[in-house]
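Everything on this sheet refers to the single structure shown next.
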Amino acid sequence: MFWWRKEVRPGVSVAFSDSNAGNLALHVADNPEDVMVRRSRLETAAGLGERHFQYMNQVHGIAVEFITGHGDGPTADAMVSRGQPLAVMVADCVPIVLLGEGLGSTTPVLAVAHAGRAGVVADIVSATVTEMRSHGATAISAWLGPSICGECYEVPGQLRAEVAAVVPETWATTRWGRPALHLPAGVRAQLEALGVTVEYSGECTLETAQLYSYRRNQQTGRFAGLVWTHERGVVA
């Protein structure tokens, strides 16, 4: 169900699901009713009670939405909340989960972001952190879920040059000597430049059979990066 899960702060957990949790996306070739059942099972496993993870319609942009409660998913590539459980879906892109202390409040500031190649270039990271800070977040930490690594993400040489011109840390070469992009390294550099501490970085999706990878199989599902606060007295 969970590839990685941890109570990262008292009363706050971060997790990344795996293929045992099943496909969690509604935009791939899957039965929507089955997807909703899987999402419900994931929420039960996380101990959400009557609450639900908020998902979004991800479009490789830089829109960030502030979420006050569960509802129809916004068209965005990042969400910020003051306690509403959040989810971001991927199958090679970098799923970013963030947590900030809430200035003047005991409620933390939660966030998730979807960082594919376009998002890294457009700097979805800065947009997300800026939104978090506008809602009082301080001492922000980040967890980078599994994503395709720089030794596996082959791209044309011109594309590598264009991306690396914007984010130099993405420049990479595959194990077989071809041009590549290292998106997790680029995301880490962007976060650290903003004073955000990266506490975890996951494995390569292409190399890990228990994780979905679009590069491995384009007819694939999506796993999720998740962040939630615990209901009082409940830690599932």
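Identifiers in this document derive from the order of the structure tokens: chains are assigned A, B, ..., residues are numbered from 1 separately in each chain, and ligands are numbered from 1 in order of occurrence.
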
**Report entry** Secondary structure check, strand (DSSP E or B) residues of segment 158-188 of chain A, as a ChimeraX atom specification
**Finding:** /A:171-173,179-181

**Report entry** Who sits within 9 Å of Leu99 of chain A, only C-alpha atoms, same chain under 2 positions skipped, as a PyMOL selection string
**Finding:** chain A and resi 12+97+101+108-112+132+137-143+227

Keeping N, CA and C atoms for every residue in the selection just given, could you write it to a file as a PDB file, in the first residue's frame?
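The file below, result02.pdb, is the result:
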```pdb
ATOM      1  N   VAL A  12       1.802  14.704  12.054  1.00  0.00           N
ATOM      2  CA  VAL A  12       1.809  14.910  10.604  1.00  0.00           C
ATOM      3  C   VAL A  12       2.556  13.766   9.933  1.00  0.00           C
ATOM      4  N   VAL A  97       6.382  16.730  -1.560  1.00  0.00           N
ATOM      5  CA  VAL A  97       5.519  16.960  -0.405  1.00  0.00           C
ATOM      6  C   VAL A  97       6.256  17.911   0.524  1.00  0.00           C
ATOM      7  N   GLU A 101       5.966  25.027   9.339  1.00  0.00           N
ATOM      8  CA  GLU A 101       5.371  25.418  10.616  1.00  0.00           C
ATOM      9  C   GLU A 101       4.437  26.593  10.375  1.00  0.00           C
ATOM     10  N   PRO A 108      -0.178  23.225  10.942  1.00  0.00           N
ATOM     11  CA  PRO A 108       0.907  23.345   9.977  1.00  0.00           C
ATOM     12  C   PRO A 108       0.391  23.701   8.581  1.00  0.00           C
ATOM     13  N   VAL A 109       1.289  24.181   7.753  1.00  0.00           N
ATOM     14  CA  VAL A 109       0.980  24.457   6.352  1.00  0.00           C
ATOM     15  C   VAL A 109       1.476  23.265   5.534  1.00  0.00           C
ATOM     16  N   LEU A 110       0.551  22.607   4.844  1.00  0.00           N
ATOM     17  CA  LEU A 110       0.869  21.437   4.029  1.00  0.00           C
ATOM     18  C   LEU A 110       0.898  21.827   2.558  1.00  0.00           C
ATOM     19  N   ALA A 111       1.669  21.093   1.765  1.00  0.00           N
ATOM     20  CA  ALA A 111       1.681  21.355   0.328  1.00  0.00           C
ATOM     21  C   ALA A 111       2.150  20.125  -0.433  1.00  0.00           C
ATOM     22  N   VAL A 112       1.696  20.022  -1.681  1.00  0.00           N
ATOM     23  CA  VAL A 112       2.198  19.014  -2.615  1.00  0.00           C
ATOM     24  C   VAL A 112       2.420  19.702  -3.947  1.00  0.00           C
ATOM     25  N   MET A 132       3.052  28.920   0.154  1.00  0.00           N
ATOM     26  CA  MET A 132       3.117  28.458   1.542  1.00  0.00           C
ATOM     27  C   MET A 132       3.473  29.600   2.477  1.00  0.00           C
ATOM     28  N   ALA A 137       3.794  29.968   6.472  1.00  0.00           N
ATOM     29  CA  ALA A 137       4.709  28.833   6.662  1.00  0.00           C
ATOM     30  C   ALA A 137       6.123  29.304   6.962  1.00  0.00           C
ATOM     31  N   THR A 138       6.711  28.673   7.952  1.00  0.00           N
ATOM     32  CA  THR A 138       8.122  28.910   8.282  1.00  0.00           C
ATOM     33  C   THR A 138       8.804  27.563   8.402  1.00  0.00           C
ATOM     34  N   ALA A 139      10.133  27.571   8.407  1.00  0.00           N
ATOM     35  CA  ALA A 139      10.917  26.340   8.578  1.00  0.00           C
ATOM     36  C   ALA A 139      10.379  25.206   7.701  1.00  0.00           C
ATOM     37  N   ILE A 140      10.345  25.430   6.400  1.00  0.00           N
ATOM     38  CA  ILE A 140       9.753  24.470   5.470  1.00  0.00           C
ATOM     39  C   ILE A 140      10.710  23.310   5.194  1.00  0.00           C
ATOM     40  N   SER A 141      10.153  22.101   5.194  1.00  0.00           N
ATOM     41  CA  SER A 141      10.899  20.895   4.826  1.00  0.00           C
ATOM     42  C   SER A 141      10.191  20.218   3.665  1.00  0.00           C
ATOM     43  N   ALA A 142      10.949  19.423   2.896  1.00  0.00           N
ATOM     44  CA  ALA A 142      10.388  18.758   1.722  1.00  0.00           C
ATOM     45  C   ALA A 142      10.811  17.295   1.671  1.00  0.00           C
ATOM     46  N   TRP A 143       9.934  16.487   1.078  1.00  0.00           N
ATOM     47  CA  TRP A 143      10.185  15.072   0.836  1.00  0.00           C
ATOM     48  C   TRP A 143       9.943  14.826  -0.650  1.00  0.00           C
ATOM     49  N   VAL A 227       0.241  13.864   2.121  1.00  0.00           N
ATOM     50  CA  VAL A 227       0.553  14.502   3.401  1.00  0.00           C
ATOM     51  C   VAL A 227      -0.751  14.740   4.138  1.00  0.00           C
TER      52      VAL A 227
END
```

**Report entry** Who sits within 10 Å of Arg5 of chain A, only C-alpha atoms, same chain under 2 positions skipped, as a PyMOL selection string
**Finding:** chain A and resi 1-3+7-8+13-17+46+225-227

What are the closest atom pairs, with distances in Å to one decimal, for all residues of segment 3-53 of chain A lying within 12 Å of segment 65-71 of chain A? Consider only C-alpha atoms, order rows by chain and residue number, and present the result as a tab-separated table.
```
residue	atom	partner	partner_atom	distance
A:Glu50	CA	A:His70	CA	10.9
A:Arg51	CA	A:His70	CA	8.0
A:His52	CA	A:His70	CA	6.6
A:Phe53	CA	A:His70	CA	7.2
```

Requested in this report: With a distance cut-off of 12 Å and only C-alpha atoms, select the neighbouring residues of Ile62 of chain A, excluding the residue or stretch itself and same-chain residues fewer than 4 positions from it, and output the selection as JSON, numbers by chain.
Outcome: {"A": [58, 75, 76, 77, 78, 79, 113, 114, 115, 116, 117, 118, 119, 120, 121, 122, 123, 124, 125, 126, 127, 128, 129, 130, 131]}

Restricting the output to C-alpha atoms, write the selected residues as a short mmCIF file (atom, residue, chain, number, x, y, z; two decimals), in the first residue's frame.
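Result went into out_8.cif, see below:
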```cif
data_model
loop_
_atom_site.label_atom_id
_atom_site.label_comp_id
_atom_site.auth_asym_id
_atom_site.auth_seq_id
_atom_site.Cartn_x
_atom_site.Cartn_y
_atom_site.Cartn_z
CA GLN A 58 -2.34 18.16 -13.16
CA THR A 75 -6.64 22.31 -12.34
CA ALA A 76 -3.22 22.98 -10.91
CA ASP A 77 0.17 21.41 -10.31
CA ALA A 78 0.50 22.32 -6.65
CA MET A 79 -1.79 22.72 -3.66
CA ALA A 113 3.63 19.75 -6.06
CA HIS A 114 4.01 17.92 -9.36
CA ALA A 115 7.42 18.58 -10.93
CA GLY A 116 7.92 17.13 -14.39
CA ARG A 117 10.38 18.55 -16.89
CA ALA A 118 8.10 21.50 -17.73
CA GLY A 119 7.40 22.20 -14.08
CA VAL A 120 11.08 22.19 -13.16
CA VAL A 121 11.88 24.65 -15.95
CA ALA A 122 8.93 26.91 -15.07
CA ASP A 123 9.84 26.63 -11.36
CA ILE A 124 6.73 25.16 -9.78
CA VAL A 125 8.92 24.82 -6.68
CA SER A 126 9.23 28.59 -6.14
CA ALA A 127 5.53 29.13 -6.84
CA THR A 128 4.60 26.54 -4.21
CA VAL A 129 6.99 27.79 -1.54
CA THR A 130 5.86 31.38 -2.14
CA GLU A 131 2.22 30.34 -1.64
#
```

Query - Contacts of segment 151-163 of chain A within 8 Å, only C-alpha atoms, excl. fewer than 2 positions in-chain, as a list in words - result: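 What passes the distance filter is Arg117, Val121, Ile148, Cys149, Ala165, Val166, Val167, Pro168, Thr170, Trp171, Ala172, Thr173, Thr174, Arg175, Arg178, Pro179, Ala180, Leu181, His182 and Leu206 of chain A.
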
Dump as a CSV table (one decimal), in the first residue's frame, selection limited to C-alpha atoms:
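Final file, result-v7.csv:
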```
chain,number,residue,atom,x,y,z
A,117,ARG,CA,10.4,18.6,-16.9
A,121,VAL,CA,11.9,24.7,-16.0
A,148,ILE,CA,12.9,8.7,-12.8
A,149,CYS,CA,16.6,9.3,-12.2
A,165,ALA,CA,20.5,26.3,-19.2
A,166,VAL,CA,17.7,27.2,-16.8
A,167,VAL,CA,18.4,24.6,-14.1
A,168,PRO,CA,22.1,23.5,-14.4
A,170,THR,CA,19.5,18.7,-14.2
A,171,TRP,CA,22.4,18.0,-16.7
A,172,ALA,CA,23.0,14.2,-16.7
A,173,THR,CA,24.1,11.3,-18.8
A,174,THR,CA,22.5,7.9,-18.8
A,175,ARG,CA,24.3,4.7,-17.8
A,178,ARG,CA,23.3,9.2,-23.8
A,179,PRO,CA,22.1,12.8,-22.9
A,180,ALA,CA,19.7,12.8,-19.9
A,181,LEU,CA,18.0,15.0,-17.3
A,182,HIS,CA,18.2,14.5,-13.6
A,206,LEU,CA,12.0,3.1,-13.9
```

Query raised in the report: If we count only C-alpha atoms, what is near Arg222 of chain A at a cut-off of 6 Å, once residues fewer than 4 positions away on the same chain are taken out, given as a list in words?
Result: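 Result of the neighbour search: Asn23, Leu24, Ala25, Met89, Val90 and Ala91 of chain A.
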
Query raised in the report: Which distance in Å separates atom CA of Gln210 of chain A and atom CA of Val37 of chain A, to one decimal?
Result: 20.0 Å

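Comparing the minimum interatomic distances between Gly195 of chain A and each of A:Asn31, A:Glu43, A:Arg133, A:Gly102, counting only C-alpha atoms, we find that A:Arg133 sits nearest.
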
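Among the candidates A:Glu207, A:Asp72, A:Glu231, A:Asp34, the one nearest to Met56 of chain A when counting only C-alpha atoms is A:Asp72.
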